[in-house]
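Written below as structure tokens is the structure these notes are about.
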Amino acid sequence: MDTGVTHFIKQDVLPHFGLQWLEWGDELTLSPLGNGHINDTFLVKWPQGAMVLQRINTHVFTCPKSVMDNLHLIYHNLVEQPQAHSSLHTRYQLNVARPLMTQSEQSMLDLEDKGVWRGMEYLENSYCIEEVETPKQAEIAAQAFAHFSRHLMTVTPNKMQEVIPDFHHLALRLEQLTQTVEADPYNRLQYCRPWVEFVKEQSGFVDEVNAVLPTLPQRICHNDTKINNLLFNKQDMTAMAVIDLDTCMSGYLLYDFGDMVRAFCSTVPEDSADLHLLDVSEPIFAALCKGYLSELGADISAREKQSLWLGARLMCFMLGVRFLTDYLVGDRYFTVHRAAHNLQRAANQLTFYKKLLKQEAHFIRYLSDT
């Protein structure tokens, strides 16, 4: 870890959270934590305890106060106000990392050009996995994310602030692609024209999305339900905590379900170019449905349950469109590690979408039979 960054954090950031590096000396340690691509995350340890320190990415989250307000609202409703869940019959069973206040009782530390920082409780004995390897892992994770959503149904969705405008706005994503194709600023259209044409051919699917969404209830969604946003207990590998709550906003449950299908069920990584190896894992999909609906099935309508298959198709399709657009505009949003990386990602996600369409009659029964 860069010594300059370490020195700056110890000298200029940690004192605002009550930690004096001169007092602890070398006993106050700082190390990177996790594999997140948005915020910079560090584990801070000292003889009496530990905390998570994050520098919020203000290019992605342009109003960090909204992020922190949402986080405190979630913490208050899940942890500090259990009576709010009397209609759910059970208290929230998972941990929630407590947001830490600064010495001046602020939810974050704004050092202007040196970043916006926040402290979070560190959950001991936690373990994170990067990809789903077994159906049991998928079932546990899906049940945990559903448990999180169910216990936030007592909160009016419009109380959550929109931290990333139009995050799942399909029409906007398609319009952005159309404009980029017309401009073709890097002359890359010649390499991806078949995928652009394929997206254009999905007008019937777009019409289906536009018809269904207005009929569904708004919920508070996590919006990033990857397996590494769930902490497991090291001792027994049960679910410990749903984390990375920065993208929590009002939306539809199909977003979270669809993101799990996309992230859990593909037989290859999302940027793999080996499309001949890409398929939808049936055991993983079945376990995901079982875990999700075992927690939420009695609390959602038949229409909302039916919409989950739409979410499975929507999330990979929309991400494929976003990858394709980013490839055409010169890789501005998603970090790339090789030539045509975003094009490979787009082809991967759109191929996964094709696989879902081809096997729809087979897979949809797991939602109707559960």
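Following the order of the structure tokens, first chain is A, next is B, and so on, with residues numbered from 1 inside each chain and ligands from 1 in the order they appear.
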
Extract, using only C-alpha atoms, all DNA, RNA and protein residues at most 8 Å from Glu295 in chain A, discarding same-chain residues fewer than 2 positions from it, and format them as a list in words.
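Contacts, in chain order: Gln143, Ala146, His147, Arg150, Gly291, Tyr292, Leu293, Gly297 and Ala298 of chain A.
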
How would the residues just chosen look if you wrote them out with N, CA and C atoms as a PDB file, in the first residue's frame?
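Dumped to result15.pdb:
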ATOM      1  N   GLN A 143     -31.742 -16.029  -0.200  1.00  0.00           N
ATOM      2  CA  GLN A 143     -32.606 -15.882   0.970  1.00  0.00           C
ATOM      3  C   GLN A 143     -32.204 -14.651   1.777  1.00  0.00           C
ATOM      4  N   ALA A 146     -33.333 -11.521  -0.042  1.00  0.00           N
ATOM      5  CA  ALA A 146     -34.785 -11.423   0.081  1.00  0.00           C
ATOM      6  C   ALA A 146     -35.183 -10.994   1.489  1.00  0.00           C
ATOM      7  N   HIS A 147     -34.480 -11.514   2.492  1.00  0.00           N
ATOM      8  CA  HIS A 147     -34.738 -11.127   3.887  1.00  0.00           C
ATOM      9  C   HIS A 147     -34.510  -9.625   4.063  1.00  0.00           C
ATOM     10  N   ARG A 150     -37.414  -7.826   2.352  1.00  0.00           N
ATOM     11  CA  ARG A 150     -38.683  -7.998   3.069  1.00  0.00           C
ATOM     12  C   ARG A 150     -38.762  -7.087   4.282  1.00  0.00           C
ATOM     13  N   GLY A 291     -34.361 -20.133  -2.559  1.00  0.00           N
ATOM     14  CA  GLY A 291     -33.978 -19.255  -1.461  1.00  0.00           C
ATOM     15  C   GLY A 291     -34.744 -17.946  -1.466  1.00  0.00           C
ATOM     16  N   TYR A 292     -34.907 -17.367  -2.639  1.00  0.00           N
ATOM     17  CA  TYR A 292     -35.563 -16.054  -2.730  1.00  0.00           C
ATOM     18  C   TYR A 292     -37.037 -16.149  -2.360  1.00  0.00           C
ATOM     19  N   LEU A 293     -37.727 -17.138  -2.907  1.00  0.00           N
ATOM     20  CA  LEU A 293     -39.169 -17.234  -2.683  1.00  0.00           C
ATOM     21  C   LEU A 293     -39.518 -17.862  -1.340  1.00  0.00           C
ATOM     22  N   GLY A 297     -41.983 -15.243  -0.800  1.00  0.00           N
ATOM     23  CA  GLY A 297     -43.133 -15.745  -1.534  1.00  0.00           C
ATOM     24  C   GLY A 297     -44.475 -15.347  -0.974  1.00  0.00           C
ATOM     25  N   ALA A 298     -44.594 -15.306   0.366  1.00  0.00           N
ATOM     26  CA  ALA A 298     -45.885 -14.981   0.983  1.00  0.00           C
ATOM     27  C   ALA A 298     -46.137 -13.487   1.079  1.00  0.00           C
TER      28      ALA A 298
END

Excluding Asn39 in chain A and its own-chain neighbours fewer than 5 positions away, which residues fall within 6 Å of it when counting only C-alpha atoms? Please give them as a PyMOL selection string.
chain A and resi 55-57

Write out as a VMD selection string all residues of range 128-285 of chain A that DSSP puts in strand (DSSP E or B) for this structure's backbone.
chain A and resid 219 to 221 230 to 233 239 to 242 249 to 251 266 280

Next, dump the selected residues to file, keeping only all heavy atoms, as an mmCIF file, in the first residue's frame.
data_model
loop_
_atom_site.group_PDB
_atom_site.id
_atom_site.type_symbol
_atom_site.label_atom_id
_atom_site.label_comp_id
_atom_site.auth_asym_id
_atom_site.auth_seq_id
_atom_site.Cartn_x
_atom_site.Cartn_y
_atom_site.Cartn_z
ATOM 1 N N ARG A 219 -40.408 -0.914 -4.392
ATOM 2 C CA ARG A 219 -39.753 -1.479 -3.215
ATOM 3 C C ARG A 219 -38.395 -0.806 -3.021
ATOM 4 O O ARG A 219 -37.879 -0.167 -3.941
ATOM 5 C CB ARG A 219 -39.519 -2.987 -3.395
ATOM 6 C CG ARG A 219 -40.742 -3.794 -3.772
ATOM 7 C CD ARG A 219 -41.733 -3.911 -2.646
ATOM 8 N NE ARG A 219 -42.744 -4.946 -2.918
ATOM 9 C CZ ARG A 219 -43.792 -5.169 -2.156
ATOM 10 N NH1 ARG A 219 -43.995 -4.440 -1.058
ATOM 11 N NH2 ARG A 219 -44.659 -6.128 -2.471
ATOM 12 N N ILE A 220 -37.815 -0.986 -1.855
ATOM 13 C CA ILE A 220 -36.432 -0.569 -1.668
ATOM 14 C C ILE A 220 -35.553 -1.718 -2.128
ATOM 15 O O ILE A 220 -35.629 -2.832 -1.605
ATOM 16 C CB ILE A 220 -36.145 -0.209 -0.203
ATOM 17 C CG1 ILE A 220 -36.929 1.040 0.177
ATOM 18 C CG2 ILE A 220 -34.640 0.025 0.012
ATOM 19 C CD1 ILE A 220 -36.803 1.440 1.638
ATOM 20 N N CYS A 221 -34.727 -1.464 -3.133
ATOM 21 C CA CYS A 221 -33.887 -2.490 -3.737
ATOM 22 C C CYS A 221 -32.419 -2.255 -3.391
ATOM 23 O O CYS A 221 -31.976 -1.121 -3.235
ATOM 24 C CB CYS A 221 -34.051 -2.488 -5.254
ATOM 25 S SG CYS A 221 -35.734 -2.853 -5.795
ATOM 26 N N LEU A 230 -22.504 -10.093 0.061
ATOM 27 C CA LEU A 230 -23.015 -10.789 1.235
ATOM 28 C C LEU A 230 -21.830 -11.315 2.030
ATOM 29 O O LEU A 230 -20.945 -11.972 1.467
ATOM 30 C CB LEU A 230 -23.918 -11.961 0.819
ATOM 31 C CG LEU A 230 -24.431 -12.809 1.980
ATOM 32 C CD1 LEU A 230 -25.460 -12.046 2.809
ATOM 33 C CD2 LEU A 230 -25.025 -14.129 1.490
ATOM 34 N N LEU A 231 -21.807 -11.005 3.311
ATOM 35 C CA LEU A 231 -20.785 -11.560 4.192
ATOM 36 C C LEU A 231 -21.309 -12.855 4.802
ATOM 37 O O LEU A 231 -22.442 -12.915 5.279
ATOM 38 C CB LEU A 231 -20.431 -10.580 5.309
ATOM 39 C CG LEU A 231 -19.757 -9.266 4.903
ATOM 40 C CD1 LEU A 231 -19.447 -8.435 6.130
ATOM 41 C CD2 LEU A 231 -18.488 -9.513 4.092
ATOM 42 N N PHE A 232 -20.467 -13.877 4.781
ATOM 43 C CA PHE A 232 -20.778 -15.146 5.428
ATOM 44 C C PHE A 232 -20.055 -15.212 6.770
ATOM 45 O O PHE A 232 -19.011 -14.571 6.975
ATOM 46 C CB PHE A 232 -20.317 -16.320 4.560
ATOM 47 C CG PHE A 232 -21.123 -16.527 3.314
ATOM 48 C CD1 PHE A 232 -20.851 -15.801 2.156
ATOM 49 C CD2 PHE A 232 -22.152 -17.449 3.283
ATOM 50 C CE1 PHE A 232 -21.587 -15.998 1.000
ATOM 51 C CE2 PHE A 232 -22.901 -17.660 2.131
ATOM 52 C CZ PHE A 232 -22.616 -16.927 0.986
ATOM 53 N N ASN A 233 -20.588 -16.003 7.669
ATOM 54 C CA ASN A 233 -19.929 -16.272 8.943
ATOM 55 C C ASN A 233 -18.838 -17.315 8.713
ATOM 56 O O ASN A 233 -19.100 -18.401 8.177
ATOM 57 C CB ASN A 233 -20.960 -16.793 9.952
ATOM 58 C CG ASN A 233 -20.390 -16.895 11.357
ATOM 59 O OD1 ASN A 233 -19.332 -17.486 11.572
ATOM 60 N ND2 ASN A 233 -21.100 -16.331 12.316
ATOM 61 N N ALA A 239 -25.301 -16.905 6.411
ATOM 62 C CA ALA A 239 -25.305 -15.494 6.024
ATOM 63 C C ALA A 239 -25.117 -14.627 7.259
ATOM 64 O O ALA A 239 -25.773 -14.827 8.286
ATOM 65 C CB ALA A 239 -26.611 -15.151 5.337
ATOM 66 N N MET A 240 -24.227 -13.644 7.157
ATOM 67 C CA MET A 240 -23.980 -12.731 8.269
ATOM 68 C C MET A 240 -24.557 -11.346 8.013
ATOM 69 O O MET A 240 -25.253 -10.792 8.860
ATOM 70 C CB MET A 240 -22.481 -12.601 8.551
ATOM 71 C CG MET A 240 -22.150 -11.599 9.640
ATOM 72 S SD MET A 240 -20.374 -11.366 9.947
ATOM 73 C CE MET A 240 -20.027 -12.836 10.905
ATOM 74 N N ALA A 241 -24.276 -10.767 6.833
ATOM 75 C CA ALA A 241 -24.715 -9.391 6.583
ATOM 76 C C ALA A 241 -24.755 -9.089 5.096
ATOM 77 O O ALA A 241 -23.856 -9.486 4.346
ATOM 78 C CB ALA A 241 -23.785 -8.398 7.285
ATOM 79 N N VAL A 242 -25.791 -8.383 4.677
ATOM 80 C CA VAL A 242 -25.840 -7.786 3.343
ATOM 81 C C VAL A 242 -25.073 -6.471 3.423
ATOM 82 O O VAL A 242 -25.332 -5.643 4.295
ATOM 83 C CB VAL A 242 -27.291 -7.534 2.899
ATOM 84 C CG1 VAL A 242 -27.328 -6.739 1.593
ATOM 85 C CG2 VAL A 242 -28.030 -8.856 2.736
ATOM 86 N N MET A 249 -31.968 1.985 -3.468
ATOM 87 C CA MET A 249 -32.895 3.020 -3.915
ATOM 88 C C MET A 249 -34.262 2.386 -4.130
ATOM 89 O O MET A 249 -34.411 1.171 -4.073
ATOM 90 C CB MET A 249 -32.423 3.650 -5.244
ATOM 91 C CG MET A 249 -31.154 4.455 -5.177
ATOM 92 S SD MET A 249 -30.686 5.122 -6.811
ATOM 93 C CE MET A 249 -29.994 3.664 -7.608
ATOM 94 N N SER A 250 -35.221 3.220 -4.426
ATOM 95 C CA SER A 250 -36.547 2.731 -4.804
ATOM 96 C C SER A 250 -36.464 2.050 -6.166
ATOM 97 O O SER A 250 -35.751 2.509 -7.070
ATOM 98 C CB SER A 250 -37.526 3.901 -4.850
ATOM 99 O OG SER A 250 -38.783 3.496 -5.333
ATOM 100 N N GLY A 251 -37.182 0.939 -6.297
ATOM 101 C CA GLY A 251 -37.170 0.226 -7.566
ATOM 102 C C GLY A 251 -38.126 -0.953 -7.523
ATOM 103 O O GLY A 251 -39.133 -0.918 -6.825
ATOM 104 N N SER A 266 -24.411 -17.786 -14.544
ATOM 105 C CA SER A 266 -23.615 -17.985 -15.748
ATOM 106 C C SER A 266 -22.494 -18.966 -15.467
ATOM 107 O O SER A 266 -21.882 -18.956 -14.391
ATOM 108 C CB SER A 266 -23.026 -16.646 -16.226
ATOM 109 O OG SER A 266 -22.207 -16.845 -17.359
ATOM 110 N N VAL A 280 -26.574 -21.298 -18.781
ATOM 111 C CA VAL A 280 -27.265 -20.984 -17.534
ATOM 112 C C VAL A 280 -27.252 -22.229 -16.656
ATOM 113 O O VAL A 280 -27.754 -23.285 -17.070
ATOM 114 C CB VAL A 280 -28.723 -20.552 -17.788
ATOM 115 C CG1 VAL A 280 -29.385 -20.116 -16.485
ATOM 116 C CG2 VAL A 280 -28.781 -19.425 -18.820
#

As a PyMOL selection string, list the residues of range 51-179 of chain A assigned to alpha helix (DSSP H) by DSSP on the backbone atoms of this structure.
chain A and resi 64-75+135-150+170-179

Expected file: the selected residues, C-alpha atoms, as a JSON list (two decimals), in the first residue's frame:
[["chain", "number", "residue", "atom", "x", "y", "z"],
["A", 64, "PRO", "CA", -22.51, 11.53, -0.91],
["A", 65, "LYS", "CA", -24.83, 13.02, 1.72],
["A", 66, "SER", "CA", -27.74, 11.25, 0.01],
["A", 67, "VAL", "CA", -25.80, 7.99, 0.21],
["A", 68, "MET", "CA", -25.23, 8.47, 3.93],
["A", 69, "ASP", "CA", -28.81, 9.57, 4.61],
["A", 70, "ASN", "CA", -30.05, 6.38, 2.93],
["A", 71, "LEU", "CA", -27.60, 4.28, 4.90],
["A", 72, "HIS", "CA", -28.73, 5.75, 8.22],
["A", 73, "LEU", "CA", -32.37, 5.26, 7.26],
["A", 74, "ILE", "CA", -31.73, 1.59, 6.52],
["A", 75, "TYR", "CA", -29.75, 1.09, 9.73],
["A", 135, "PRO", "CA", -26.35, -24.37, -5.19],
["A", 136, "LYS", "CA", -26.27, -24.06, -1.40],
["A", 137, "GLN", "CA", -24.34, -20.80, -1.62],
["A", 138, "ALA", "CA", -26.88, -19.47, -4.12],
["A", 139, "GLU", "CA", -29.80, -20.45, -1.88],
["A", 140, "ILE", "CA", -28.25, -18.83, 1.20],
["A", 141, "ALA", "CA", -27.42, -15.62, -0.65],
["A", 142, "ALA", "CA", -30.82, -15.34, -2.34],
["A", 143, "GLN", "CA", -32.61, -15.88, 0.97],
["A", 144, "ALA", "CA", -30.42, -13.23, 2.64],
["A", 145, "PHE", "CA", -31.06, -10.62, -0.05],
["A", 146, "ALA", "CA", -34.78, -11.42, 0.08],
["A", 147, "HIS", "CA", -34.74, -11.13, 3.89],
["A", 148, "PHE", "CA", -33.12, -7.71, 3.49],
["A", 149, "SER", "CA", -35.81, -6.59, 1.03],
["A", 150, "ARG", "CA", -38.68, -8.00, 3.07],
["A", 170, "LEU", "CA", -33.91, 0.84, -20.02],
["A", 171, "ALA", "CA", -35.32, 3.41, -22.45],
["A", 172, "LEU", "CA", -32.52, 5.82, -21.53],
["A", 173, "ARG", "CA", -29.86, 3.14, -21.96],
["A", 174, "LEU", "CA", -31.21, 2.32, -25.42],
["A", 175, "GLU", "CA", -31.34, 5.98, -26.38],
["A", 176, "GLN", "CA", -27.72, 6.38, -25.30],
["A", 177, "LEU", "CA", -26.76, 3.43, -27.48],
["A", 178, "THR", "CA", -28.67, 4.84, -30.46],
["A", 179, "GLN", "CA", -26.97, 8.22, -30.17]]

Skip range 358-370 of chain A itself and residues of its chain fewer than 5 positions away, then list as a VMD selection string all residues within 7 Å of it, counting only C-alpha atoms.
chain A and resid 286 289 to 290 293 309

Got time to write the residues from that selection, all heavy atoms, as a short mmCIF file (atom, residue, chain, number, x, y, z; two decimals), in the first residue's frame?
data_model
loop_
_atom_site.label_atom_id
_atom_site.label_comp_id
_atom_site.auth_asym_id
_atom_site.auth_seq_id
_atom_site.Cartn_x
_atom_site.Cartn_y
_atom_site.Cartn_z
N ALA A 286 -32.19 -22.96 -9.85
CA ALA A 286 -33.22 -23.57 -9.00
C ALA A 286 -33.01 -23.20 -7.54
O ALA A 286 -33.98 -22.89 -6.82
CB ALA A 286 -33.19 -25.09 -9.18
N CYS A 289 -34.01 -19.52 -6.90
CA CYS A 289 -35.47 -19.37 -6.80
C CYS A 289 -35.98 -19.88 -5.46
O CYS A 289 -36.82 -19.23 -4.81
CB CYS A 289 -36.16 -20.11 -7.94
SG CYS A 289 -35.84 -19.45 -9.58
N LYS A 290 -35.46 -21.01 -5.05
CA LYS A 290 -35.89 -21.60 -3.78
C LYS A 290 -35.59 -20.65 -2.61
O LYS A 290 -36.45 -20.39 -1.76
CB LYS A 290 -35.20 -22.94 -3.57
CG LYS A 290 -35.56 -23.62 -2.26
CD LYS A 290 -34.80 -24.94 -2.10
CE LYS A 290 -35.11 -25.60 -0.75
NZ LYS A 290 -34.33 -26.85 -0.57
N LEU A 293 -37.73 -17.14 -2.91
CA LEU A 293 -39.17 -17.23 -2.68
C LEU A 293 -39.52 -17.86 -1.34
O LEU A 293 -40.62 -17.65 -0.83
CB LEU A 293 -39.82 -18.00 -3.82
CG LEU A 293 -39.78 -17.27 -5.17
CD1 LEU A 293 -40.40 -18.13 -6.26
CD2 LEU A 293 -40.50 -15.92 -5.09
N TRP A 309 -39.14 -13.33 -13.65
CA TRP A 309 -38.53 -13.84 -14.89
C TRP A 309 -38.21 -12.71 -15.84
O TRP A 309 -37.19 -12.75 -16.55
CB TRP A 309 -39.45 -14.86 -15.54
CG TRP A 309 -38.88 -15.40 -16.82
CD1 TRP A 309 -39.32 -15.18 -18.09
CD2 TRP A 309 -37.72 -16.23 -16.95
NE1 TRP A 309 -38.51 -15.82 -19.01
CE2 TRP A 309 -37.52 -16.47 -18.34
CE3 TRP A 309 -36.82 -16.78 -16.04
CZ2 TRP A 309 -36.47 -17.25 -18.83
CZ3 TRP A 309 -35.76 -17.55 -16.53
CH2 TRP A 309 -35.59 -17.78 -17.90
#

Can you build me a table of range 198-303 of chain A residues sitting at most 7 Å from range 129-133 of chain A, with the closest atom pair per residue and its distance in Å to one decimal, using only C-alpha atoms, sorted by chain and residue number, as CSV?
residue,atom,partner,partner_atom,distance
A:Ile227,CA,A:Glu131,CA,6.1
A:Asn228,CA,A:Glu130,CA,5.2
A:Phe264,CA,A:Val132,CA,5.7

Contacts of Arg303 in chain A within 10 Å, only C-alpha atoms, excl. fewer than 5 positions in-chain, as a PyMOL selection string:
chain A and resi 212+215-217+308

For Gly49 in chain A, find every residue with an atom within 12 Å (counting only C-alpha atoms), except residues of its own chain fewer than 3 positions away, and show them as a PyMOL selection string.
chain A and resi 19+24+27-29+43-46+52+121-124

How close does each residue of range 127-225 of chain A get to range 342-347 of chain A, giving the shortest atom pair and distance in Å to one decimal for every residue with an atom at most 12 Å away, counting only C-alpha atoms, sorted by chain and residue number, as CSV?
residue,atom,partner,partner_atom,distance
A:Arg188,CA,A:Leu343,CA,9.8
A:Leu189,CA,A:Leu343,CA,10.5
A:Gln190,CA,A:Leu343,CA,11.9
A:Tyr191,CA,A:Leu343,CA,8.7
A:Cys192,CA,A:Leu343,CA,7.4
A:Arg193,CA,A:Leu343,CA,10.9
A:Pro194,CA,A:Ala347,CA,10.0
A:Trp195,CA,A:Ala347,CA,7.2
A:Val196,CA,A:Ala346,CA,10.1
A:Phe198,CA,A:Ala347,CA,10.6
A:Val199,CA,A:Ala346,CA,10.7

Can you work out which one of A:Phe334, A:Phe17, A:Gln93, A:Asn77 has the shortest atom-to-atom distance to Gln106 in chain A, counting only C-alpha atoms?
A:Phe17

What lies within 12 Å of Leu30 in chain A using only C-alpha atoms, ignoring chain neighbours under 3 positions off, as JSON, numbers by chain?
{"A": [1, 2, 3, 5, 6, 7, 8, 9, 10, 14, 21, 25, 26, 27, 33, 41, 42, 43, 44, 45, 46, 50, 51, 52, 53, 54]}

Return the single residue from A:Ala312, A:Cys128, A:Val181, A:Val79 that is closest to Gly36 in chain A, with distances computed using only C-alpha atoms.
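Comparing A:Ala312, A:Cys128, A:Val181, A:Val79 against Gly36 in chain A, the winner is A:Cys128.
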
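Each of A:Val116, A:Leu356, A:Val155, A:Met237 was compared to Val261 in chain A using only C-alpha atoms, and A:Leu356 turns out to be the nearest.
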
Would you mind listing what lies within 8 Å of Asp259 in chain A as JSON, numbers by chain, with only C-alpha atoms counted and same-chain residues fewer than 3 positions away left out?
{"A": [223, 224, 225, 226, 255, 256, 262, 263, 311, 312, 315, 316]}

Go ahead and save the residues from that selection, with N, CA, C and O atoms, as a short mmCIF file (atom, residue, chain, number, x, y, z; two decimals), in the first residue's frame.
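The new file again-v3.cif reads:
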data_model
loop_
_atom_site.label_atom_id
_atom_site.label_comp_id
_atom_site.auth_asym_id
_atom_site.auth_seq_id
_atom_site.Cartn_x
_atom_site.Cartn_y
_atom_site.Cartn_z
N ASN A 223 -29.92 -3.31 -5.50
CA ASN A 223 -29.42 -2.90 -6.81
C ASN A 223 -28.00 -3.35 -7.15
O ASN A 223 -27.45 -2.92 -8.16
N ASP A 224 -27.44 -4.24 -6.34
CA ASP A 224 -26.12 -4.78 -6.68
C ASP A 224 -25.95 -6.12 -5.96
O ASP A 224 -25.05 -6.28 -5.13
N THR A 225 -26.82 -7.07 -6.29
CA THR A 225 -26.90 -8.30 -5.52
C THR A 225 -25.91 -9.36 -5.99
O THR A 225 -26.27 -10.51 -6.28
N LYS A 226 -24.65 -9.00 -6.05
CA LYS A 226 -23.59 -9.97 -6.33
C LYS A 226 -23.27 -10.74 -5.05
O LYS A 226 -23.48 -10.24 -3.94
N TYR A 255 -35.36 -6.23 -10.24
CA TYR A 255 -33.99 -5.77 -10.44
C TYR A 255 -33.02 -6.63 -9.65
O TYR A 255 -32.00 -7.10 -10.16
N ASP A 256 -33.31 -6.82 -8.35
CA ASP A 256 -32.41 -7.58 -7.50
C ASP A 256 -32.39 -9.05 -7.89
O ASP A 256 -31.33 -9.68 -7.92
N ARG A 262 -28.12 -13.06 -13.23
CA ARG A 262 -27.00 -12.69 -14.10
C ARG A 262 -25.65 -13.03 -13.46
O ARG A 262 -24.75 -13.56 -14.11
N ALA A 263 -25.53 -12.74 -12.17
CA ALA A 263 -24.25 -12.88 -11.49
C ALA A 263 -24.00 -14.30 -10.98
O ALA A 263 -22.85 -14.74 -10.92
N GLY A 311 -37.22 -9.83 -14.84
CA GLY A 311 -35.98 -9.30 -14.28
C GLY A 311 -34.76 -10.10 -14.68
O GLY A 311 -33.70 -9.54 -14.95
N ALA A 312 -34.92 -11.43 -14.75
CA ALA A 312 -33.81 -12.29 -15.16
C ALA A 312 -33.32 -11.92 -16.55
O ALA A 312 -32.11 -11.88 -16.81
N MET A 315 -31.93 -7.67 -16.68
CA MET A 315 -30.67 -7.17 -16.13
C MET A 315 -29.47 -7.52 -17.00
O MET A 315 -28.57 -6.71 -17.18
N CYS A 316 -29.44 -8.74 -17.56
CA CYS A 316 -28.32 -9.07 -18.43
C CYS A 316 -28.43 -8.31 -19.76
O CYS A 316 -27.42 -7.86 -20.32
#
